[in-house]
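So this block is final07.cif, mmCIF, C-alpha atoms:
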```cif
data_data
#
loop_
_atom_site.group_PDB
_atom_site.id
_atom_site.type_symbol
_atom_site.label_atom_id
_atom_site.label_comp_id
_atom_site.auth_asym_id
_atom_site.auth_seq_id
_atom_site.Cartn_x
_atom_site.Cartn_y
_atom_site.Cartn_z
ATOM 1 C CA MET N 1 86.879 80.746 121.156
ATOM 2 C CA THR N 2 88.026 82.199 117.843
ATOM 3 C CA ALA N 3 89.485 80.203 114.959
ATOM 4 C CA THR N 4 90.920 81.731 111.807
ATOM 5 C CA ARG N 5 92.139 80.658 108.440
ATOM 6 C CA GLU N 6 93.428 82.642 105.456
ATOM 7 C CA GLY N 7 90.634 84.748 103.954
ATOM 8 C CA ALA N 8 88.071 83.839 106.649
ATOM 9 C CA SER N 9 87.314 84.519 110.291
ATOM 10 C CA PHE N 10 85.026 82.616 112.670
ATOM 11 C CA ALA N 11 83.877 84.228 115.885
ATOM 12 C CA SER N 12 80.785 83.184 117.799
ATOM 13 C CA GLY N 13 79.619 81.143 114.820
ATOM 14 C CA THR N 14 79.852 83.971 112.250
ATOM 15 C CA GLU N 15 82.012 84.033 109.118
ATOM 16 C CA THR N 16 83.437 87.114 107.397
ATOM 17 C CA ASP N 17 83.098 87.138 103.611
ATOM 18 C CA PRO N 18 86.667 87.010 102.195
ATOM 19 C CA ALA N 19 85.601 89.256 99.318
ATOM 20 C CA MET N 20 84.704 91.998 101.824
ATOM 21 C CA ALA N 21 87.977 91.822 103.769
ATOM 22 C CA PRO N 22 90.626 94.446 102.925
ATOM 23 C CA HIS N 23 93.712 92.990 101.236
ATOM 24 C CA GLY N 24 95.886 96.005 100.392
ATOM 25 C CA MET N 25 97.455 99.048 101.965
ATOM 26 C CA THR N 26 95.844 102.323 102.944
ATOM 27 C CA LEU N 27 98.019 105.314 102.077
ATOM 28 C CA THR N 28 97.814 109.062 102.560
ATOM 29 C CA LEU N 29 98.963 111.027 99.509
ATOM 30 C CA ARG N 30 99.945 114.695 99.605
ATOM 31 C CA ILE N 31 99.945 115.716 95.936
ATOM 32 C CA TRP N 32 100.867 118.988 94.260
ATOM 33 C CA ARG N 33 97.822 120.362 92.406
ATOM 34 C CA GLN N 34 98.267 123.279 90.018
ATOM 35 C CA LYS N 35 95.729 124.263 87.368
ATOM 36 C CA GLY N 36 98.293 125.783 85.021
ATOM 37 C CA PRO N 37 101.623 127.600 84.701
ATOM 38 C CA SER N 38 100.225 130.823 86.152
ATOM 39 C CA ASP N 39 98.397 129.155 89.058
ATOM 40 C CA LYS N 40 100.041 129.334 92.484
ATOM 41 C CA GLY N 41 99.495 125.633 93.241
ATOM 42 C CA ARG N 42 99.144 123.809 96.549
ATOM 43 C CA MET N 43 99.493 120.430 98.227
ATOM 44 C CA VAL N 44 96.216 118.489 98.464
ATOM 45 C CA THR N 45 95.725 115.415 100.665
ATOM 46 C CA TYR N 46 94.022 112.242 99.399
ATOM 47 C CA GLN N 47 93.614 108.744 100.776
ATOM 48 C CA VAL N 48 93.707 105.542 98.764
ATOM 49 C CA GLU N 49 92.739 102.107 100.012
ATOM 50 C CA ASP N 50 93.337 98.508 99.010
ATOM 51 C CA ILE N 51 96.642 99.236 97.251
ATOM 52 C CA SER N 52 98.466 96.068 96.268
ATOM 53 C CA PRO N 53 102.218 95.883 96.967
ATOM 54 C CA ASP N 54 102.593 94.553 93.422
ATOM 55 C CA MET N 55 101.235 97.747 91.841
ATOM 56 C CA SER N 56 103.623 100.209 90.279
ATOM 57 C CA PHE N 57 103.582 103.759 91.602
ATOM 58 C CA LEU N 58 101.792 104.953 88.455
ATOM 59 C CA GLU N 59 99.166 102.225 88.799
ATOM 60 C CA MET N 60 98.524 103.506 92.314
ATOM 61 C CA LEU N 61 97.965 106.989 90.840
ATOM 62 C CA ASP N 62 95.606 105.398 88.295
ATOM 63 C CA VAL N 63 93.562 104.018 91.202
ATOM 64 C CA LEU N 64 93.403 107.486 92.756
ATOM 65 C CA ASN N 65 92.331 109.055 89.466
ATOM 66 C CA GLU N 66 89.536 106.512 88.990
ATOM 67 C CA LYS N 67 88.311 107.440 92.456
ATOM 68 C CA LEU N 68 88.470 111.168 91.665
ATOM 69 C CA ILE N 69 86.664 110.781 88.344
ATOM 70 C CA LEU N 70 83.840 108.785 89.950
ATOM 71 C CA ALA N 71 83.530 111.541 92.552
ATOM 72 C CA GLY N 72 83.302 114.187 89.822
ATOM 73 C CA ASP N 73 86.728 115.713 90.554
ATOM 74 C CA ASP N 74 89.596 116.460 88.170
ATOM 75 C CA PRO N 75 92.110 113.611 87.933
ATOM 76 C CA VAL N 76 95.742 114.267 88.790
ATOM 77 C CA VAL N 77 97.757 114.993 85.637
ATOM 78 C CA PHE N 78 101.121 113.233 85.398
ATOM 79 C CA ASP N 79 103.515 112.281 82.583
ATOM 80 C CA HIS N 80 103.868 108.670 81.472
ATOM 81 C CA ASP N 81 104.186 106.535 78.362
ATOM 82 C CA CYS N 82 105.944 103.173 78.106
ATOM 83 C CA ARG N 83 105.837 102.346 81.842
ATOM 84 C CA GLU N 84 108.871 100.111 81.298
ATOM 85 C CA GLY N 85 111.669 102.438 82.423
ATOM 86 C CA ILE N 86 112.722 103.123 78.833
ATOM 87 C CA CYS N 87 111.111 106.274 77.439
ATOM 88 C CA GLY N 88 111.927 108.810 80.179
ATOM 89 C CA SER N 89 108.431 110.316 80.168
ATOM 90 C CA CYS N 90 107.571 109.744 83.809
ATOM 91 C CA GLY N 91 109.135 111.852 86.501
ATOM 92 C CA LEU N 92 107.983 112.714 90.018
ATOM 93 C CA MET N 93 109.567 113.893 93.231
ATOM 94 C CA ILE N 94 108.498 111.227 95.730
ATOM 95 C CA ASN N 95 109.153 112.104 99.359
ATOM 96 C CA GLY N 96 111.761 114.578 98.166
ATOM 97 C CA THR N 97 113.645 112.126 95.944
ATOM 98 C CA ALA N 98 113.639 112.155 92.149
ATOM 99 C CA HIS N 99 111.674 109.059 91.025
ATOM 100 C CA GLY N 100 111.736 107.753 94.605
ATOM 101 C CA ARG N 101 113.980 104.854 95.569
ATOM 102 C CA GLY N 102 113.655 101.317 94.242
ATOM 103 C CA THR N 103 113.207 98.202 96.339
ATOM 104 C CA SER N 104 116.993 97.768 96.549
ATOM 105 C CA GLY N 105 117.405 101.391 97.664
ATOM 106 C CA GLY N 106 119.040 102.468 94.412
ATOM 107 C CA PRO N 107 117.759 104.842 91.710
ATOM 108 C CA THR N 108 114.853 103.822 89.517
ATOM 109 C CA THR N 109 112.240 105.352 87.243
ATOM 110 C CA THR N 110 108.848 106.306 88.690
ATOM 111 C CA CYS N 111 107.081 103.673 86.588
ATOM 112 C CA GLN N 112 109.410 100.957 87.897
ATOM 113 C CA LEU N 113 108.918 101.934 91.540
ATOM 114 C CA HIS N 114 106.549 99.436 93.134
ATOM 115 C CA MET N 115 104.294 99.886 96.127
ATOM 116 C CA ARG N 116 106.052 97.135 98.065
ATOM 117 C CA LYS N 117 108.552 99.867 98.870
ATOM 118 C CA PHE N 118 105.901 101.447 101.124
ATOM 119 C CA LYS N 119 104.046 100.252 104.216
ATOM 120 C CA ASP N 120 100.402 100.340 105.207
ATOM 121 C CA GLY N 121 99.592 103.721 106.729
ATOM 122 C CA ASP N 122 102.465 105.580 105.061
ATOM 123 C CA SER N 123 102.157 109.202 103.976
ATOM 124 C CA ILE N 124 103.709 110.034 100.592
ATOM 125 C CA ASP N 125 104.542 113.497 99.248
ATOM 126 C CA ILE N 126 104.331 113.706 95.440
ATOM 127 C CA GLU N 127 105.569 116.769 93.561
ATOM 128 C CA PRO N 128 106.645 117.652 90.009
ATOM 129 C CA TRP N 129 110.224 118.290 88.893
ATOM 130 C CA ARG N 130 111.321 121.636 90.329
ATOM 131 C CA ALA N 131 113.390 123.746 87.907
ATOM 132 C CA THR N 132 113.010 127.103 86.168
ATOM 133 C CA ALA N 133 113.644 125.345 82.859
ATOM 134 C CA PHE N 134 110.835 122.832 83.592
ATOM 135 C CA PRO N 135 107.680 124.963 83.971
ATOM 136 C CA VAL N 136 104.638 123.165 85.342
ATOM 137 C CA ILE N 137 101.961 122.492 82.718
ATOM 138 C CA LYS N 138 99.404 121.121 85.170
ATOM 139 C CA ASP N 139 99.654 119.276 88.476
ATOM 140 C CA LEU N 140 102.613 116.881 88.194
ATOM 141 C CA SER N 141 103.219 117.388 84.466
ATOM 142 C CA VAL N 142 106.108 119.657 83.440
ATOM 143 C CA ASP N 143 107.437 120.957 80.121
ATOM 144 C CA ARG N 144 110.793 119.262 79.473
ATOM 145 C CA SER N 145 111.160 120.469 75.890
ATOM 146 C CA ALA N 146 114.262 122.422 76.975
ATOM 147 C CA LEU N 147 116.144 119.111 76.887
ATOM 148 C CA ASP N 148 114.976 118.537 73.306
ATOM 149 C CA ARG N 149 116.277 121.960 72.271
ATOM 150 C CA ILE N 150 119.684 121.172 73.779
ATOM 151 C CA ILE N 151 119.843 118.034 71.630
ATOM 152 C CA GLN N 152 118.694 119.946 68.534
ATOM 153 C CA SER N 153 121.429 122.544 69.054
ATOM 154 C CA GLY N 154 124.029 119.781 68.729
ATOM 155 C CA GLY N 155 123.214 119.370 65.061
ATOM 156 C CA TYR N 156 124.153 116.279 63.105
ATOM 157 C CA ILE N 157 127.144 114.095 62.386
ATOM 158 C CA SER N 158 128.789 113.929 58.942
ATOM 159 C CA ALA N 159 128.314 110.555 57.321
ATOM 160 C CA PRO N 160 128.928 109.430 53.744
ATOM 161 C CA THR N 161 125.835 108.366 51.847
ATOM 162 C CA GLY N 162 125.484 105.325 49.639
ATOM 163 C CA THR N 163 125.877 101.670 50.507
ATOM 164 C CA ALA N 164 126.587 100.652 54.069
ATOM 165 C CA PRO N 165 130.335 100.644 54.862
ATOM 166 C CA GLU N 166 132.095 97.442 55.804
ATOM 167 C CA ALA N 167 131.659 96.890 59.528
ATOM 168 C CA HIS N 168 135.384 96.808 60.294
ATOM 169 C CA SER N 169 136.406 99.721 58.088
ATOM 170 C CA ILE N 170 136.331 102.125 61.068
ATOM 171 C CA LEU N 171 137.845 100.613 64.174
ATOM 172 C CA VAL N 172 136.625 101.831 67.568
ATOM 173 C CA PRO N 173 138.554 100.941 70.747
ATOM 174 C CA LYS N 174 136.437 98.883 73.129
ATOM 175 C CA LYS N 175 137.046 101.352 75.959
ATOM 176 C CA ASP N 176 135.549 104.139 73.850
ATOM 177 C CA SER N 177 132.633 102.074 72.617
ATOM 178 C CA ASP N 178 131.762 100.981 76.165
ATOM 179 C CA ALA N 179 131.892 104.569 77.443
ATOM 180 C CA ALA N 180 129.789 105.790 74.514
ATOM 181 C CA PHE N 181 127.196 103.082 75.105
ATOM 182 C CA ASP N 182 126.984 103.932 78.808
ATOM 183 C CA ALA N 183 126.407 107.597 77.942
ATOM 184 C CA ALA N 184 123.822 106.704 75.297
ATOM 185 C CA THR N 185 121.655 104.910 77.870
ATOM 186 C CA CYS N 186 120.443 108.337 79.069
ATOM 187 C CA ILE N 187 116.654 108.446 78.620
ATOM 188 C CA GLY N 188 116.293 112.195 79.126
ATOM 189 C CA CYS N 189 113.904 111.920 82.061
ATOM 190 C CA GLY N 190 115.301 115.019 83.811
ATOM 191 C CA ALA N 191 115.923 113.372 87.193
ATOM 192 C CA CYS N 192 119.439 114.832 87.172
ATOM 193 C CA VAL N 193 117.972 118.343 86.917
ATOM 194 C CA ALA N 194 115.361 117.698 89.605
ATOM 195 C CA ALA N 195 117.923 116.251 92.024
ATOM 196 C CA CYS N 196 120.543 118.968 91.522
ATOM 197 C CA PRO N 197 120.383 121.862 94.045
ATOM 198 C CA ASN N 198 121.355 124.159 91.143
ATOM 199 C CA ALA N 199 118.840 122.609 88.696
ATOM 200 C CA SER N 200 121.722 121.950 86.305
ATOM 201 C CA SER N 201 121.324 119.767 83.226
ATOM 202 C CA MET N 202 125.060 119.215 82.879
ATOM 203 C CA LEU N 203 124.875 115.416 83.273
ATOM 204 C CA PHE N 204 122.228 115.195 80.543
ATOM 205 C CA THR N 205 124.179 117.447 78.161
ATOM 206 C CA ALA N 206 127.432 115.639 78.940
ATOM 207 C CA ALA N 207 125.873 112.266 78.140
ATOM 208 C CA LYS N 208 124.672 113.527 74.760
ATOM 209 C CA VAL N 209 128.039 115.133 73.975
ATOM 210 C CA SER N 210 129.981 112.025 75.050
ATOM 211 C CA HIS N 211 128.168 109.356 73.107
ATOM 212 C CA LEU N 212 128.837 111.194 69.834
ATOM 213 C CA GLY N 213 132.245 112.667 70.669
ATOM 214 C CA LEU N 214 133.764 109.294 71.510
ATOM 215 C CA PHE N 215 133.163 107.847 68.042
ATOM 216 C CA PRO N 216 135.169 108.618 64.891
ATOM 217 C CA GLN N 217 131.940 109.562 63.111
ATOM 218 C CA GLY N 218 131.336 112.361 65.607
ATOM 219 C CA GLN N 219 134.733 114.055 65.256
ATOM 220 C CA PRO N 220 134.138 116.598 62.419
ATOM 221 C CA GLU N 221 131.487 118.512 64.431
ATOM 222 C CA ARG N 222 132.909 117.764 67.872
ATOM 223 C CA ASP N 223 133.993 121.318 68.725
ATOM 224 C CA GLU N 224 130.924 122.962 67.227
ATOM 225 C CA ARG N 225 128.619 120.507 68.956
ATOM 226 C CA VAL N 226 129.861 121.060 72.503
ATOM 227 C CA VAL N 227 129.915 124.876 72.392
ATOM 228 C CA ASN N 228 126.427 125.047 70.867
ATOM 229 C CA MET N 229 124.899 122.602 73.343
ATOM 230 C CA ILE N 230 126.394 124.397 76.347
ATOM 231 C CA ALA N 231 125.207 127.753 74.991
ATOM 232 C CA GLN N 232 121.686 126.375 74.527
ATOM 233 C CA GLN N 233 121.747 124.899 78.028
ATOM 234 C CA ASP N 234 122.510 128.355 79.418
ATOM 235 C CA ARG N 235 119.790 129.988 77.308
ATOM 236 C CA GLU N 236 117.214 127.557 78.686
ATOM 237 C CA GLY N 237 117.872 128.754 82.247
ATOM 238 C CA PHE N 238 119.492 125.667 83.750
ATOM 239 C CA GLY N 239 121.829 126.253 86.677
ATOM 240 C CA GLY N 240 125.575 125.805 86.700
ATOM 241 C CA CYS N 241 127.294 122.560 87.708
ATOM 242 C CA THR N 242 129.235 122.579 90.983
ATOM 243 C CA ASN N 243 130.029 118.828 91.003
ATOM 244 C CA ILE N 244 127.797 117.943 93.949
ATOM 245 C CA GLY N 245 126.972 114.554 92.453
ATOM 246 C CA GLU N 246 123.236 114.367 93.179
ATOM 247 C CA CYS N 247 122.609 114.067 89.434
ATOM 248 C CA SER N 248 124.466 110.796 89.021
ATOM 249 C CA ALA N 249 123.075 109.414 92.293
ATOM 250 C CA ALA N 250 119.502 110.004 91.077
ATOM 251 C CA CYS N 251 120.027 108.859 87.478
ATOM 252 C CA PRO N 252 118.012 105.663 86.836
ATOM 253 C CA LYS N 253 120.560 104.607 84.211
ATOM 254 C CA GLY N 254 123.616 105.308 86.354
ATOM 255 C CA ILE N 255 125.211 107.884 84.043
ATOM 256 C CA SER N 256 128.651 108.665 85.458
ATOM 257 C CA MET N 257 129.972 112.135 86.275
ATOM 258 C CA GLU N 258 133.018 111.204 84.183
ATOM 259 C CA ASN N 259 130.934 112.428 81.264
ATOM 260 C CA ILE N 260 130.881 115.916 82.793
ATOM 261 C CA SER N 261 134.678 115.872 83.004
ATOM 262 C CA ARG N 262 134.820 114.795 79.367
ATOM 263 C CA LEU N 263 132.436 117.590 78.364
ATOM 264 C CA ASN N 264 134.552 120.202 80.188
ATOM 265 C CA HIS N 265 137.669 118.878 78.461
ATOM 266 C CA ASP N 266 135.974 119.086 75.052
ATOM 267 C CA LEU N 267 134.586 122.560 75.779
ATOM 268 C CA LEU N 268 137.965 124.026 76.790
ATOM 269 C CA GLY N 269 139.627 122.454 73.772
ATOM 270 C CA ALA N 270 136.943 123.803 71.449
ATOM 271 C CA LEU N 271 137.187 127.323 72.858
ATOM 272 C CA ARG N 272 140.991 127.272 72.530
ATOM 273 C CA ALA N 273 140.567 126.204 68.921
ATOM 274 C CA GLY N 274 138.359 129.229 68.284
ATOM 275 C CA ALA N 275 134.943 127.548 68.206
ATOM 276 C CA ARG N 276 132.091 129.840 69.164
ATOM 277 C CA PRO N 277 128.359 129.124 69.594
ATOM 278 C CA LYS N 278 125.880 130.107 66.965
ATOM 279 C CA SER N 279 124.114 133.355 67.792
#
```
Go ahead and render the structure in this file as C-alpha cells.
Amino acid sequence: MTATREGASFASGTETDPAMAPHGMTLTLRIWRQKGPSDKGRMVTYQVEDISPDMSFLEMLDVLNEKLILAGDDPVVFDHDCREGICGSCGLMINGTAHGRGTSGGPTTTCQLHMRKFKDGDSIDIEPWRATAFPVIKDLSVDRSALDRIIQSGGYISAPTGTAPEAHSILVPKKDSDAAFDAATCIGCGACVAACPNASSMLFTAAKVSHLGLFPQGQPERDERVVNMIAQQDREGFGGCTNIGECSAACPKGISMENISRLNHDLLGALRAGARPKS
C-alpha cells in the first residue's frame, strides 16, 4: 500500500525527503553560440532542471549561466537591462518568434515572458536577432546602434528658450496627441526588424517620425527630419518595407502600421517640396 501527501511519499515504510524531490521543469535549450562577429557560430544543446514556472525567460538563462560558470564554461551572452519591459535592451528569437509569445498568446518582451508558457520536457530554440544591420557581437548579443543613428539623423526640434510657456498656449487635438503618444511608446527593441522577412526597420523609423511630426513643435523640421531618417535607414542596410505586417504583430508595444502610412505621406510631401537628405 502506498500513501502520498504533498511534498512526501510513503512506500513500504520509507519517506522521501521533500527537499530532494524535483519541483520544477526540465527543459532542453538549443542556443546559438558565436564567439564574435567573424565566427561562423552554431547551435549548442544544453539542459536545465528545476525551472520554476514563475521564472522569467531571462532568469532561466541566468540559471543556465550559473551552471556553465560552475562547470568552467563560458556563459551565454545576452542583452538585458531593466527586465521590466521598458528599456528595449532584451531581444531574442524564441522558437522562431521575436521575443516569444506571452501567456495570453500576444506579443511581449523577452524579459516579460515567463516560463509558465512552457511545459516540462519542452525543447526551446534561442537565437539572436537576424538582420544585416544587427551584427552579432557574441552569442545572443547584437549591435543595434543602427537604430540610434537613425534617431540621431532626425536632428532636433525648434523650441523657444526662456521660461516655460503657458500649458494651453499651443493647442493639440486629442486625436493627434493620442496617436503621438502611441507612437512614442516604441522602446527600440528591434523586434520589428527581427520579425520582418525583409529585415526592415520601417515601423521603428515611422514611430519616431510620427511622434514628433504630429505635434506643432515638430513642424519646422518635419520635411528635413523624414528624408534624413529614411536616408540613414537605407545607409544602415535595413531592407525595404512591403507591408507584410509581421513588424506590428511582433511589437511588444503594439505600434500600428498606420505610422508607416503616415511616414510615406510625409516623405512624398517632403520630396515634392524639394527636401533632400544630407549627404
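Residue nearest N:Ala273, chosen from N:Leu70, N:Ile255, N:Val227, N:Leu113 and counting all atoms listed in the file: N:Val227.
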Interatomic distance, atom CA of N:Gly240 to atom CA of N:Trp32 (Å, one decimal):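 Between atom CA of N:Gly240 and atom CA of N:Trp32 the gap works out to 26.7 Å.
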N:Pro277, N:Pro197, N:Gly188, N:Pro252: which is nearest N:Cys87, counting only C-alpha atoms?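 Smallest separation from N:Cys87 among the options: N:Gly188.
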Evaluate the PyMOL selection byres ((chain N and resi 205) around 10) and report residues as a list of chain:residue names: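 That expression, the PyMOL selection byres ((chain N and resi 205) around 10), corresponds here to N:Leu147, N:Ile150, N:Ile151, N:Gly154, N:Cys186, N:Gly188, N:Ser200, N:Ser201, N:Met202, N:Leu203, N:Phe204, N:Ala206, N:Ala207, N:Lys208, N:Val209, N:Ser210, N:Val226, N:Met229, N:Ile230, N:Gln232, N:Gln233, N:Asn259, N:Ile260, N:Leu263.
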Would you kindly return, as a ChimeraX atom specification, each protein, DNA or RNA residue with an atom no farther than 10 Å from any atom of stretch 35-48 of chain N, considering only C-alpha atoms and excluding same-chain residues fewer than 3 positions away? /N:24-32,51,60-61,63-64,67-68,74,77,121,123-127,135-139,141-143
Output the residue selection produced by the PyMOL selection byres ((chain N and resi 100) around 12) on the file above, formatted as a PyMOL selection string. chain N and resi 56-57+90-99+101-115+117-118+124-127+191+194-195+249-252
Taking C-alpha atoms for each residue, export the selection above as a JSON list (two decimals), in the frame of the given file.
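So the final result, stored in again32.json, reads:
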```json
[["chain", "number", "residue", "atom", "x", "y", "z"],
["N", 56, "SER", "CA", 103.62, 100.21, 90.28],
["N", 57, "PHE", "CA", 103.58, 103.76, 91.60],
["N", 90, "CYS", "CA", 107.57, 109.74, 83.81],
["N", 91, "GLY", "CA", 109.14, 111.85, 86.50],
["N", 92, "LEU", "CA", 107.98, 112.71, 90.02],
["N", 93, "MET", "CA", 109.57, 113.89, 93.23],
["N", 94, "ILE", "CA", 108.50, 111.23, 95.73],
["N", 95, "ASN", "CA", 109.15, 112.10, 99.36],
["N", 96, "GLY", "CA", 111.76, 114.58, 98.17],
["N", 97, "THR", "CA", 113.64, 112.13, 95.94],
["N", 98, "ALA", "CA", 113.64, 112.16, 92.15],
["N", 99, "HIS", "CA", 111.67, 109.06, 91.02],
["N", 101, "ARG", "CA", 113.98, 104.85, 95.57],
["N", 102, "GLY", "CA", 113.66, 101.32, 94.24],
["N", 103, "THR", "CA", 113.21, 98.20, 96.34],
["N", 104, "SER", "CA", 116.99, 97.77, 96.55],
["N", 105, "GLY", "CA", 117.40, 101.39, 97.66],
["N", 106, "GLY", "CA", 119.04, 102.47, 94.41],
["N", 107, "PRO", "CA", 117.76, 104.84, 91.71],
["N", 108, "THR", "CA", 114.85, 103.82, 89.52],
["N", 109, "THR", "CA", 112.24, 105.35, 87.24],
["N", 110, "THR", "CA", 108.85, 106.31, 88.69],
["N", 111, "CYS", "CA", 107.08, 103.67, 86.59],
["N", 112, "GLN", "CA", 109.41, 100.96, 87.90],
["N", 113, "LEU", "CA", 108.92, 101.93, 91.54],
["N", 114, "HIS", "CA", 106.55, 99.44, 93.13],
["N", 115, "MET", "CA", 104.29, 99.89, 96.13],
["N", 117, "LYS", "CA", 108.55, 99.87, 98.87],
["N", 118, "PHE", "CA", 105.90, 101.45, 101.12],
["N", 124, "ILE", "CA", 103.71, 110.03, 100.59],
["N", 125, "ASP", "CA", 104.54, 113.50, 99.25],
["N", 126, "ILE", "CA", 104.33, 113.71, 95.44],
["N", 127, "GLU", "CA", 105.57, 116.77, 93.56],
["N", 191, "ALA", "CA", 115.92, 113.37, 87.19],
["N", 194, "ALA", "CA", 115.36, 117.70, 89.60],
["N", 195, "ALA", "CA", 117.92, 116.25, 92.02],
["N", 249, "ALA", "CA", 123.08, 109.41, 92.29],
["N", 250, "ALA", "CA", 119.50, 110.00, 91.08],
["N", 251, "CYS", "CA", 120.03, 108.86, 87.48],
["N", 252, "PRO", "CA", 118.01, 105.66, 86.84]]
```
Rounded to one decimal place, report the atom CA of N:Gly269-atom CA of N:Gly190 distance in Å.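 If I compute the distance from atom CA of N:Gly269 to atom CA of N:Gly190, I get 27.3 Å.
The spacing separating atom CA of N:Ile157 from atom CA of N:Arg272 amounts to 21.6 Å.
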For a cut-off of 12 Å around (134.1, 117.5, 63.1), file coordinates, pick out all residues using only C-alpha atoms and list them as a list in words. Gly154, Gly155, Tyr156, Ile157, Ser158, Ala159, Leu212, Gly213, Leu214, Phe215, Pro216, Gln217, Gly218, Gln219, Pro220, Glu221, Arg222, Asp223, Glu224, Arg225, Val226, Ala270 and Ala275 of chain N
Selected residue, from N:Leu171, N:Val193, N:Ile86, N:Ala71, that lies nearest to N:Ser248 when counting only C-alpha atoms: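 The closest residue to N:Ser248 is N:Val193.
Using all atoms listed in the file, the nearest neighbour of N:Pro128 within the list N:Ser52, N:Ser261, N:Gln34, N:Ser279 is N:Gln34.
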From the options N:Trp129, N:His211, N:His265, N:Asp148, which residue's atoms come nearest to N:Ala199, counting all atoms listed in the file? N:Trp129
